[in-house]
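Participant: Got a structure for you, my_file_20.csv, holding CSV, C-alpha atoms.
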chain,number,residue,atom,x,y,z
A,1,MET,CA,-24.6,36.6,15.0
A,2,PHE,CA,-22.6,33.9,17.0
A,3,ILE,CA,-21.6,34.6,20.6
A,4,LEU,CA,-19.4,32.3,22.5
A,5,ILE,CA,-19.4,32.5,26.3
A,6,SER,CA,-16.6,30.8,28.3
A,7,GLY,CA,-15.5,30.8,31.9
A,8,GLY,CA,-15.1,28.7,35.1
A,9,CYS,CA,-17.5,26.8,37.1
A,10,LYS,CA,-20.5,28.8,38.5
A,11,ASN,CA,-19.2,32.0,37.2
A,12,GLY,CA,-22.5,33.3,35.7
A,13,LYS,CA,-22.1,32.2,32.1
A,14,SER,CA,-25.7,31.2,31.7
A,15,ALA,CA,-27.1,34.4,33.3
A,16,ILE,CA,-25.1,36.5,30.8
A,17,ALA,CA,-26.2,34.3,27.9
A,18,GLU,CA,-29.9,34.5,28.9
A,19,GLN,CA,-29.7,38.3,29.4
A,20,ILE,CA,-28.5,38.7,25.8
A,21,ILE,CA,-30.8,36.2,24.2
A,22,CYS,CA,-33.9,37.5,26.0
A,23,SER,CA,-33.2,41.1,24.7
A,24,GLY,CA,-34.3,39.9,21.2
A,25,ASN,CA,-37.8,39.0,20.0
A,26,SER,CA,-37.2,36.0,17.8
A,27,GLU,CA,-38.5,32.5,18.7
A,28,ARG,CA,-36.2,31.1,21.5
A,29,PHE,CA,-34.8,27.6,21.6
A,30,TYR,CA,-32.6,26.1,24.3
A,31,ILE,CA,-30.4,23.1,23.4
A,32,ALA,CA,-29.6,21.2,26.5
A,33,THR,CA,-26.7,18.8,26.1
A,34,MET,CA,-26.2,17.6,29.6
A,35,GLN,CA,-27.3,14.0,30.1
A,36,PRO,CA,-29.3,13.5,33.2
A,37,PHE,CA,-27.0,11.0,34.9
A,38,GLY,CA,-27.1,11.1,38.7
A,39,LYS,CA,-28.4,13.4,41.4
A,40,GLU,CA,-26.0,16.3,40.7
A,41,ALA,CA,-26.9,16.5,37.0
A,42,GLU,CA,-30.6,16.5,38.0
A,43,ILE,CA,-30.0,19.4,40.4
A,44,ALA,CA,-28.0,21.3,37.8
A,45,ILE,CA,-30.8,20.7,35.2
A,46,LYS,CA,-33.5,21.8,37.7
A,47,ARG,CA,-31.5,25.0,38.5
A,48,HIS,CA,-31.1,25.9,34.9
A,49,ARG,CA,-34.8,25.2,34.2
A,50,LYS,CA,-35.8,27.5,37.0
A,51,MET,CA,-33.6,30.2,35.6
A,52,ARG,CA,-35.3,29.9,32.2
A,53,LEU,CA,-38.8,29.8,33.6
A,54,GLY,CA,-41.2,32.4,32.1
A,55,ARG,CA,-38.7,33.3,29.4
A,56,ASN,CA,-40.4,31.4,26.5
A,57,PHE,CA,-37.7,28.9,25.7
A,58,ASN,CA,-38.5,25.8,23.7
A,59,THR,CA,-36.2,23.3,25.2
A,60,ILE,CA,-34.6,20.6,23.1
A,61,GLU,CA,-32.6,17.9,24.8
A,62,LYS,CA,-30.0,16.7,22.4
A,63,TYR,CA,-26.8,15.0,23.6
A,64,THR,CA,-25.0,14.4,20.3
A,65,ASP,CA,-25.4,15.3,16.6
A,66,ILE,CA,-26.9,18.7,17.2
A,67,GLY,CA,-26.7,19.4,13.5
A,68,GLU,CA,-29.8,17.1,13.1
A,69,ILE,CA,-32.0,19.5,15.1
A,70,ASP,CA,-34.8,21.0,12.9
A,71,LEU,CA,-35.0,24.7,13.6
A,72,PRO,CA,-37.2,27.4,12.0
A,73,ASP,CA,-35.4,30.2,10.1
A,74,LYS,CA,-34.2,33.3,12.0
A,75,CYS,CA,-34.8,31.9,15.5
A,76,SER,CA,-32.5,32.4,18.6
A,77,VAL,CA,-30.7,29.5,20.1
A,78,LEU,CA,-28.9,29.1,23.4
A,79,LEU,CA,-26.8,26.0,23.7
A,80,GLU,CA,-25.5,24.7,27.0
A,81,CYS,CA,-22.9,23.5,27.0
A,82,ILE,CA,-20.1,22.7,24.6
A,83,GLY,CA,-18.2,20.9,27.4
A,84,ASN,CA,-20.9,18.4,27.8
A,85,LEU,CA,-21.5,18.1,24.0
A,86,CYS,CA,-17.8,17.4,23.5
A,87,ALA,CA,-17.7,14.7,26.2
A,88,ASN,CA,-20.9,13.1,24.8
A,89,GLU,CA,-19.5,12.9,21.3
A,90,MET,CA,-16.2,11.4,22.6
A,91,PHE,CA,-17.5,9.1,25.3
A,92,SER,CA,-21.1,8.2,24.4
A,93,ALA,CA,-20.8,8.3,20.6
A,94,GLY,CA,-17.2,7.1,20.5
A,95,CYS,CA,-15.9,9.9,18.3
A,96,SER,CA,-12.3,10.3,19.4
A,97,THR,CA,-11.6,13.7,17.7
A,98,PRO,CA,-15.1,15.4,17.7
A,99,GLU,CA,-13.9,19.0,17.0
A,100,GLU,CA,-14.5,19.1,13.3
A,101,LYS,CA,-17.9,17.3,13.6
A,102,ILE,CA,-19.1,19.7,16.3
A,103,LEU,CA,-17.9,22.7,14.4
A,104,ARG,CA,-19.8,21.5,11.3
A,105,ASP,CA,-23.0,20.9,13.3
A,106,ILE,CA,-22.7,24.4,14.9
A,107,LYS,CA,-22.3,26.0,11.5
A,108,LYS,CA,-25.6,24.5,10.5
A,109,ILE,CA,-27.3,26.1,13.5
A,110,ILE,CA,-25.6,29.4,12.9
A,111,ALA,CA,-27.1,29.4,9.3
A,112,LYS,CA,-30.6,29.1,10.8
A,113,THR,CA,-30.4,31.6,13.6
A,114,GLU,CA,-30.6,35.3,14.0
A,115,ILE,CA,-28.6,34.9,17.2
A,116,PHE,CA,-26.8,31.8,18.4
A,117,ILE,CA,-25.1,31.7,21.8
A,118,ALA,CA,-23.0,28.8,22.9
A,119,VAL,CA,-21.8,28.4,26.5
A,120,THR,CA,-18.6,26.5,26.9
A,121,SER,CA,-16.2,25.7,29.8
A,122,HIS,CA,-12.7,26.5,30.5
A,123,VAL,CA,-11.0,23.3,31.7
A,124,GLY,CA,-7.3,23.6,31.0
A,125,SER,CA,-6.1,25.6,34.0
A,126,ASP,CA,-5.8,23.4,37.0
A,127,GLY,CA,-2.3,22.0,36.2
A,128,ILE,CA,-3.3,18.5,37.1
A,129,ILE,CA,-2.1,15.5,35.0
A,130,TYR,CA,-5.2,13.3,34.4
A,131,PRO,CA,-5.5,9.9,32.8
A,132,LYS,CA,-4.9,9.8,29.1
A,133,GLU,CA,-8.6,9.9,28.1
A,134,THR,CA,-9.3,13.0,30.3
A,135,MET,CA,-6.3,14.8,28.9
A,136,LYS,CA,-7.5,14.0,25.4
A,137,TYR,CA,-10.9,15.5,26.4
A,138,ALA,CA,-9.2,18.7,27.7
A,139,GLU,CA,-7.2,18.9,24.5
A,140,SER,CA,-10.3,18.4,22.2
A,141,LEU,CA,-12.3,20.9,24.2
A,142,GLY,CA,-9.5,23.5,24.1
A,143,ARG,CA,-9.0,23.1,20.3
A,144,LEU,CA,-12.8,23.2,19.8
A,145,ASN,CA,-13.1,26.4,21.9
A,146,SER,CA,-10.4,28.0,19.8
A,147,ALA,CA,-12.1,27.0,16.6
A,148,LEU,CA,-15.4,28.3,17.8
A,149,ALA,CA,-13.9,31.6,19.0
A,150,ASP,CA,-12.4,32.0,15.5
A,151,THR,CA,-15.9,31.6,14.0
A,152,ALA,CA,-17.6,33.7,16.6
A,153,ASP,CA,-18.5,37.4,16.2
A,154,ILE,CA,-18.3,38.0,20.0
A,155,VAL,CA,-16.4,36.0,22.6
A,156,ILE,CA,-17.1,36.7,26.3
A,157,GLU,CA,-15.4,35.3,29.4
A,158,ALA,CA,-17.5,35.3,32.5
A,159,VAL,CA,-15.5,36.0,35.6
A,160,PHE,CA,-17.4,35.8,38.9
A,161,GLY,CA,-20.5,37.2,37.0
A,162,ILE,CA,-18.6,40.0,35.2
A,163,PRO,CA,-18.6,39.8,31.4
A,164,ILE,CA,-15.1,40.3,30.0
A,165,ILE,CA,-15.0,40.9,26.2
A,166,LEU,CA,-12.3,38.8,24.4
A,167,LYS,CA,-13.5,39.4,20.9
A,168,GLY,CA,-15.9,41.9,19.3
A,169,GLU,CA,-18.0,44.3,21.3
A,170,LEU,CA,-20.2,43.7,24.3
A,171,PRO,CA,-23.8,43.7,23.3
A,172,GLU,CA,-25.7,46.8,24.4
A,173,CYS,CA,-28.2,44.8,26.5
A,174,ILE,CA,-25.5,43.9,29.1
A,175,TYR,CA,-24.1,47.3,29.8
B,1,MET,CA,-15.1,46.9,49.2
B,2,ILE,CA,-12.4,45.8,46.8
B,3,PHE,CA,-12.2,42.3,45.4
B,4,ILE,CA,-8.9,41.0,44.0
B,5,ILE,CA,-8.9,37.7,42.1
B,6,GLY,CA,-6.7,35.6,39.9
B,7,GLY,CA,-5.1,32.1,39.7
B,8,SER,CA,-2.8,30.8,42.3
B,9,TYR,CA,0.6,32.5,42.7
B,10,GLN,CA,-0.2,35.3,40.3
B,11,GLY,CA,0.9,38.1,42.7
B,12,LYS,CA,-2.5,38.9,44.2
B,13,THR,CA,-1.2,39.5,47.8
B,14,ASP,CA,1.9,41.4,46.6
B,15,PHE,CA,-0.3,43.6,44.5
B,16,ALA,CA,-2.6,44.4,47.5
B,17,VAL,CA,0.4,45.1,49.8
B,18,ASN,CA,2.0,47.5,47.3
B,19,LYS,CA,-1.1,49.2,46.0
B,20,PHE,CA,-2.9,49.7,49.4
B,21,GLY,CA,0.2,50.0,51.6
B,22,LEU,CA,-0.7,47.0,53.8
B,23,SER,CA,1.6,45.7,56.5
B,24,PRO,CA,1.8,41.9,57.1
B,25,ASP,CA,-0.4,42.1,60.3
B,26,GLU,CA,-3.2,43.8,58.3
B,27,ILE,CA,-3.6,40.7,56.1
B,28,THR,CA,-5.8,38.0,57.7
B,29,GLU,CA,-6.2,34.5,56.3
B,30,GLY,CA,-9.7,33.5,55.2
B,31,SER,CA,-9.5,30.5,57.6
B,32,ALA,CA,-9.2,32.8,60.6
B,33,PRO,CA,-12.0,33.0,63.2
B,34,TYR,CA,-14.9,35.2,62.3
B,35,ASP,CA,-14.2,37.9,65.0
B,36,LYS,CA,-10.8,38.4,63.4
B,37,LEU,CA,-12.3,38.7,59.9
B,38,ILE,CA,-14.7,41.5,61.1
B,39,SER,CA,-11.8,43.8,61.9
B,40,ALA,CA,-9.5,42.7,59.1
B,41,LYS,CA,-8.3,45.3,56.6
B,42,CYS,CA,-7.6,42.6,54.1
B,43,ILE,CA,-8.6,39.0,53.9
B,44,ARG,CA,-6.7,36.6,51.6
B,45,HIS,CA,-7.4,33.0,50.6
B,46,PHE,CA,-11.1,33.8,50.9
B,47,GLU,CA,-11.7,30.4,49.2
B,48,ASP,CA,-10.6,28.9,52.6
B,49,PHE,CA,-13.4,30.9,54.3
B,50,VAL,CA,-15.8,29.2,51.8
B,51,SER,CA,-14.5,25.7,52.5
B,52,SER,CA,-14.4,26.2,56.3
B,53,ALA,CA,-18.0,27.4,56.3
B,54,ALA,CA,-19.0,24.4,54.2
B,55,VAL,CA,-17.2,22.0,56.5
B,56,ARG,CA,-19.2,23.4,59.5
B,57,ASN,CA,-22.4,22.9,57.4
B,58,GLU,CA,-22.9,26.6,57.2
B,59,ASP,CA,-23.9,28.5,54.1
B,60,PRO,CA,-20.9,30.3,52.8
B,61,LEU,CA,-23.0,32.7,50.8
B,62,LYS,CA,-25.1,33.9,53.8
B,63,LEU,CA,-22.0,34.1,55.9
B,64,THR,CA,-20.2,36.1,53.3
B,65,GLU,CA,-23.1,38.5,53.1
B,66,LYS,CA,-23.0,38.9,56.9
B,67,LEU,CA,-19.3,39.5,56.9
B,68,LEU,CA,-19.5,42.1,54.2
B,69,SER,CA,-22.1,44.0,56.1
B,70,ASP,CA,-20.0,43.7,59.3
B,71,ASN,CA,-16.8,44.8,57.5
B,72,PRO,CA,-17.9,46.7,54.5
B,73,ASP,CA,-14.5,48.3,53.6
B,74,VAL,CA,-12.5,45.1,53.6
B,75,ILE,CA,-10.2,44.1,50.7
B,76,ILE,CA,-10.9,40.5,49.7
B,77,ILE,CA,-8.4,38.3,47.8
B,78,MET,CA,-9.7,35.1,46.4
B,79,THR,CA,-8.2,32.5,44.0
B,80,GLU,CA,-10.1,31.5,40.9
B,81,ILE,CA,-10.4,27.7,41.0
B,82,GLY,CA,-13.2,26.8,38.6
B,83,CYS,CA,-11.2,26.5,35.4
B,84,GLY,CA,-10.4,22.8,35.4
B,85,ILE,CA,-11.8,19.3,34.9
B,86,ILE,CA,-14.8,18.6,37.2
B,87,PRO,CA,-13.3,16.8,40.2
B,88,ILE,CA,-14.2,13.2,40.9
B,89,GLU,CA,-14.4,13.8,44.6
B,90,LYS,CA,-17.9,15.1,45.5
B,91,SER,CA,-16.7,17.5,48.3
B,92,GLN,CA,-14.2,19.1,45.8
B,93,ARG,CA,-17.0,19.6,43.3
B,94,ILE,CA,-19.1,21.3,45.9
B,95,TYR,CA,-16.2,23.4,47.1
B,96,ARG,CA,-15.5,24.6,43.5
B,97,GLU,CA,-19.1,25.4,42.9
B,98,LEU,CA,-19.4,27.3,46.2
B,99,VAL,CA,-16.2,29.4,45.4
B,100,GLY,CA,-17.8,30.3,42.0
B,101,LYS,CA,-21.1,31.3,43.6
B,102,THR,CA,-19.4,33.2,46.4
B,103,GLY,CA,-17.2,35.0,43.9
B,104,CYS,CA,-20.2,36.1,41.9
B,105,LEU,CA,-21.8,37.5,45.2
B,106,ILE,CA,-18.7,39.4,46.2
B,107,ALA,CA,-18.0,40.8,42.7
B,108,GLY,CA,-21.7,41.9,42.5
B,109,LEU,CA,-21.3,43.9,45.8
B,110,ALA,CA,-17.7,45.2,45.2
B,111,GLU,CA,-17.1,48.7,44.1
B,112,LYS,CA,-14.0,47.5,42.3
B,113,VAL,CA,-12.9,44.0,41.0
B,114,ILE,CA,-9.2,43.6,40.0
B,115,ARG,CA,-7.9,40.5,38.3
B,116,ILE,CA,-4.2,39.7,38.6
B,117,THR,CA,-2.4,37.7,35.9
B,118,CYS,CA,1.4,37.3,36.1
B,119,GLY,CA,1.4,40.2,38.6
B,120,ILE,CA,-0.4,42.5,36.1
B,121,PRO,CA,-3.7,44.0,37.4
B,122,ALA,CA,-6.7,44.4,35.1
B,123,VAL,CA,-9.7,46.3,36.5
B,124,ILE,CA,-12.7,44.3,35.4
B,125,LYS,CA,-15.3,46.3,37.4
B,126,GLY,CA,-15.2,49.9,38.6
B,127,GLU,CA,-13.0,52.9,37.9
B,128,THR,CA,-9.3,52.2,36.9
B,129,ILE,CA,-6.7,52.3,39.6
Just dump the structure as structure tokens.
Facilitator:
Amino acid sequence: MFILISGGCKNGKSAIAEQIICSGNSERFYIATMQPFGKEAEIAIKRHRKMRLGRNFNTIEKYTDIGEIDLPDKCSVLLECIGNLCANEMFSAGCSTPEEKILRDIKKIIAKTEIFIAVTSHVGSDGIIYPKETMKYAESLGRLNSALADTADIVIEAVFGIPIILKGELPECIY
Amino acid sequence: MIFIIGGSYQGKTDFAVNKFGLSPDEITEGSAPYDKLISAKCIRHFEDFVSSAAVRNEDPLKLTEKLLSDNPDVIIIMTEIGCGIIPIEKSQRIYRELVGKTGCLIAGLAEKVIRITCGIPAVIKGETI
């Protein structure tokens, strides 16, 4: 089962993801893709750690090449977030079109998991023309999100904390 | 309390006016003084309430909670602004995050949340309209 959760900034994506993943009993892994650059990243990482406290997550920090992660069979995995991962592959690892690579890596994780939830960001709706590299990032992330949604069993958009189902059916645990 | 959301220029105010029969003087801007907001029937551009609280170094979340207990039947209109590239400017990043958090707070308390896209309402919380 692969669930993709998208939505805007601070719209409750993680809370929905954690609610779903914590309703299952398999071993839980959390793949953190945000690189701890600067004070704000530190604060965001601390906030997310606090949210996960007491929920038995094994945290794996992996900023690129997530297909290399060794996972036990039939575990649950929550990955946050595709937006960071895409930026890391593009700007830290120098892969200019990372969509196919990330999709391949994610399929490896899906094969190992009972439930895999990926949190992503929606970045293409502010109408601002950015420098070329940033536009390329928005394009890659948009294409990647579409490809992931195509593979996903369930796609949810978080809107101010409300889960809106875009594909499949809302899991029972969040009714 | 009813919460109306959506992107800029999607017809949120027009929807509120037509649906709830509001006259122009019943709609108050989010940047208006607090005593005006307490008696407002409808507050629009609530994102401006968030930014003006932040500029005064007040906590928009606490202030929103207070406003909603002072004016529990208000209709709130707020623009969704968090679906873009993370801004370079720190104050804009904070603003965007605060609007997201405040939106989650209001949506959690609202009896109905309506999202307007191209003038078309979708009820995403509560009974249909």
Participant: Counting all atoms listed in the file, which residues of chain B sit at most 7 Å from some atom of chain A, and what is each one's closest atom pair with its distance in Å to one decimal, listed by chain and rising residue number, as a tab-separated table?
Facilitator:
residue	atom	partner	partner_atom	distance
B:Gly82	CA	A:Gly8	CA	4.4
B:Cys83	CA	A:Gly8	CA	4.5
B:Gly84	CA	A:Val123	CA	3.8
B:Ile85	CA	A:Val123	CA	5.2
B:Glu97	CA	A:Lys10	CA	5.7
B:Gly100	CA	A:Lys10	CA	4.7
B:Lys101	CA	A:Lys10	CA	5.7
B:Gly103	CA	A:Phe160	CA	5.1
B:Cys104	CA	A:Phe160	CA	4.1
B:Ala107	CA	A:Phe160	CA	6.3
Participant: How many Å separate CA of Leu78 in chain A from CA of Leu53 in chain A?
Facilitator: 14.2 Å
Participant: Kindly give the distance, in Å, that separates CA of Leu103 in chain A and CA of Met90 in chain A, rounded to a single decimal.
Facilitator: 14.1 Å
Participant: For range 69-73 of chain B, list every protein, DNA or RNA residue within 7 Å, evaluated using all atoms listed in the file, and leave out those in the same chain fewer than 6 positions away; present the list as a PDB file with C-alpha atoms, keeping the file's coordinate frame.
Facilitator:
ATOM      1  CA  MET B   1     -15.100  46.900  49.200  1.00  0.00           C
ATOM      2  CA  ILE B  38     -14.700  41.500  61.100  1.00  0.00           C
ATOM      3  CA  SER B  39     -11.800  43.800  61.900  1.00  0.00           C
TER       4      SER B  39
END
Participant: Please identify all polymer residues within 8 Å of Lys125 in chain B, counting all atoms listed in the file, omitting same-chain residues fewer than 4 positions from it, and present them as a list in words.
Facilitator: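 The neighbour list is Ile162 of chain A; Glu111, Lys112, Val113 and Ile114 of chain B.
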Participant: What lies within 10 Å of Lys74 in chain A using only C-alpha atoms, ignoring chain neighbours under 4 positions off, as a list in words?
Facilitator: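 Skipping anything fewer than 4 positions along the chain leaves Ser26, Glu27, Arg28, Ile110, Ala111, Lys112, Thr113, Glu114, Ile115 and Phe116 of chain A.
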Participant: Which is closest to Pro60 in chain B among B:Ile5, B:Val123, B:Ile86, B:Leu98, if we use all atoms listed in the file?
Facilitator: B:Leu98
Participant: Excluding Val119 in chain A and residues on its chain fewer than 4 positions from it, collect all residues at most 7 Å away from it, counting only C-alpha atoms, and give them as a list in words.
Facilitator: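 That gives Leu4, Ile5, Ser6, Lys13, Leu79, Glu80, Cys81 and Ile82 of chain A.
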Participant: Residues near Thr59 in chain A, anyone? I mean within 9 Å using all atoms listed in the file, not counting same-chain ones fewer than 2 positions away, as a list of chain:residue names.
Facilitator: A:Arg28, A:Phe29, A:Tyr30, A:Ile31, A:Ala32, A:Phe57, A:Glu61
Participant: Quick one: residues within 10 Å of (-15.3, 27.9, 20.0) (file frame), counting all atoms listed in the file, please, as a ChimeraX atom specification.
Facilitator: /A:2-6,82,99,102-103,106,118-120,141-152,155
Participant: Tell me, in Å to one decimal, how far CA of Thr13 in chain B is from CA of Ser31 in chain B.
Facilitator: 15.7 Å
Participant: Fix up range 27-49 of chain A with N, CA and C atoms, then write it as a short mmCIF file (atom, residue, chain, number, x, y, z; two decimals), keeping the file's coordinate frame.
Facilitator:
data_model
loop_
_atom_site.label_atom_id
_atom_site.label_comp_id
_atom_site.auth_asym_id
_atom_site.auth_seq_id
_atom_site.Cartn_x
_atom_site.Cartn_y
_atom_site.Cartn_z
N GLU A 27 -38.08 33.76 18.01
CA GLU A 27 -38.50 32.50 18.70
C GLU A 27 -37.22 31.92 19.39
N ARG A 28 -37.35 31.56 20.68
CA ARG A 28 -36.20 31.10 21.50
C ARG A 28 -36.13 29.59 21.65
N PHE A 29 -34.97 29.03 21.34
CA PHE A 29 -34.80 27.60 21.60
C PHE A 29 -33.58 27.42 22.52
N TYR A 30 -33.71 26.43 23.38
CA TYR A 30 -32.60 26.10 24.30
C TYR A 30 -32.19 24.69 24.03
N ILE A 31 -30.96 24.51 23.62
CA ILE A 31 -30.40 23.10 23.40
C ILE A 31 -29.68 22.72 24.63
N ALA A 32 -30.22 21.71 25.31
CA ALA A 32 -29.60 21.20 26.50
C ALA A 32 -28.80 19.94 26.17
N THR A 33 -27.50 19.96 26.46
CA THR A 33 -26.70 18.80 26.10
C THR A 33 -26.26 17.94 27.25
N MET A 34 -26.65 18.37 28.47
CA MET A 34 -26.20 17.60 29.60
C MET A 34 -27.11 16.35 29.81
N GLN A 35 -26.49 15.19 29.87
CA GLN A 35 -27.30 14.00 30.10
C GLN A 35 -27.62 13.84 31.55
N PRO A 36 -28.91 13.53 31.82
CA PRO A 36 -29.30 13.50 33.20
C PRO A 36 -28.87 12.30 33.99
N PHE A 37 -27.55 12.14 34.10
CA PHE A 37 -27.00 11.00 34.90
C PHE A 37 -26.74 11.46 36.30
N GLY A 38 -27.42 10.84 37.23
CA GLY A 38 -27.10 11.10 38.70
C GLY A 38 -27.79 12.29 39.24
N LYS A 39 -27.70 12.37 40.56
CA LYS A 39 -28.40 13.40 41.40
C LYS A 39 -27.87 14.80 41.05
N GLU A 40 -26.54 14.96 40.94
CA GLU A 40 -26.00 16.30 40.70
C GLU A 40 -26.41 16.88 39.38
N ALA A 41 -26.43 16.02 38.35
CA ALA A 41 -26.90 16.50 37.00
C ALA A 41 -28.35 16.90 37.11
N GLU A 42 -29.14 16.12 37.84
CA GLU A 42 -30.60 16.50 38.00
C GLU A 42 -30.72 17.83 38.67
N ILE A 43 -29.91 18.07 39.71
CA ILE A 43 -30.00 19.40 40.40
C ILE A 43 -29.59 20.49 39.48
N ALA A 44 -28.51 20.28 38.72
CA ALA A 44 -28.00 21.30 37.80
C ALA A 44 -29.11 21.61 36.74
N ILE A 45 -29.74 20.55 36.23
CA ILE A 45 -30.80 20.70 35.20
C ILE A 45 -31.97 21.48 35.78
N LYS A 46 -32.37 21.12 37.00
CA LYS A 46 -33.50 21.80 37.70
C LYS A 46 -33.17 23.29 37.86
N ARG A 47 -31.92 23.58 38.29
CA ARG A 47 -31.50 25.00 38.50
C ARG A 47 -31.59 25.78 37.26
N HIS A 48 -31.09 25.19 36.16
CA HIS A 48 -31.10 25.90 34.90
C HIS A 48 -32.57 26.07 34.37
N ARG A 49 -33.41 25.05 34.60
CA ARG A 49 -34.80 25.20 34.20
C ARG A 49 -35.50 26.30 34.90
#
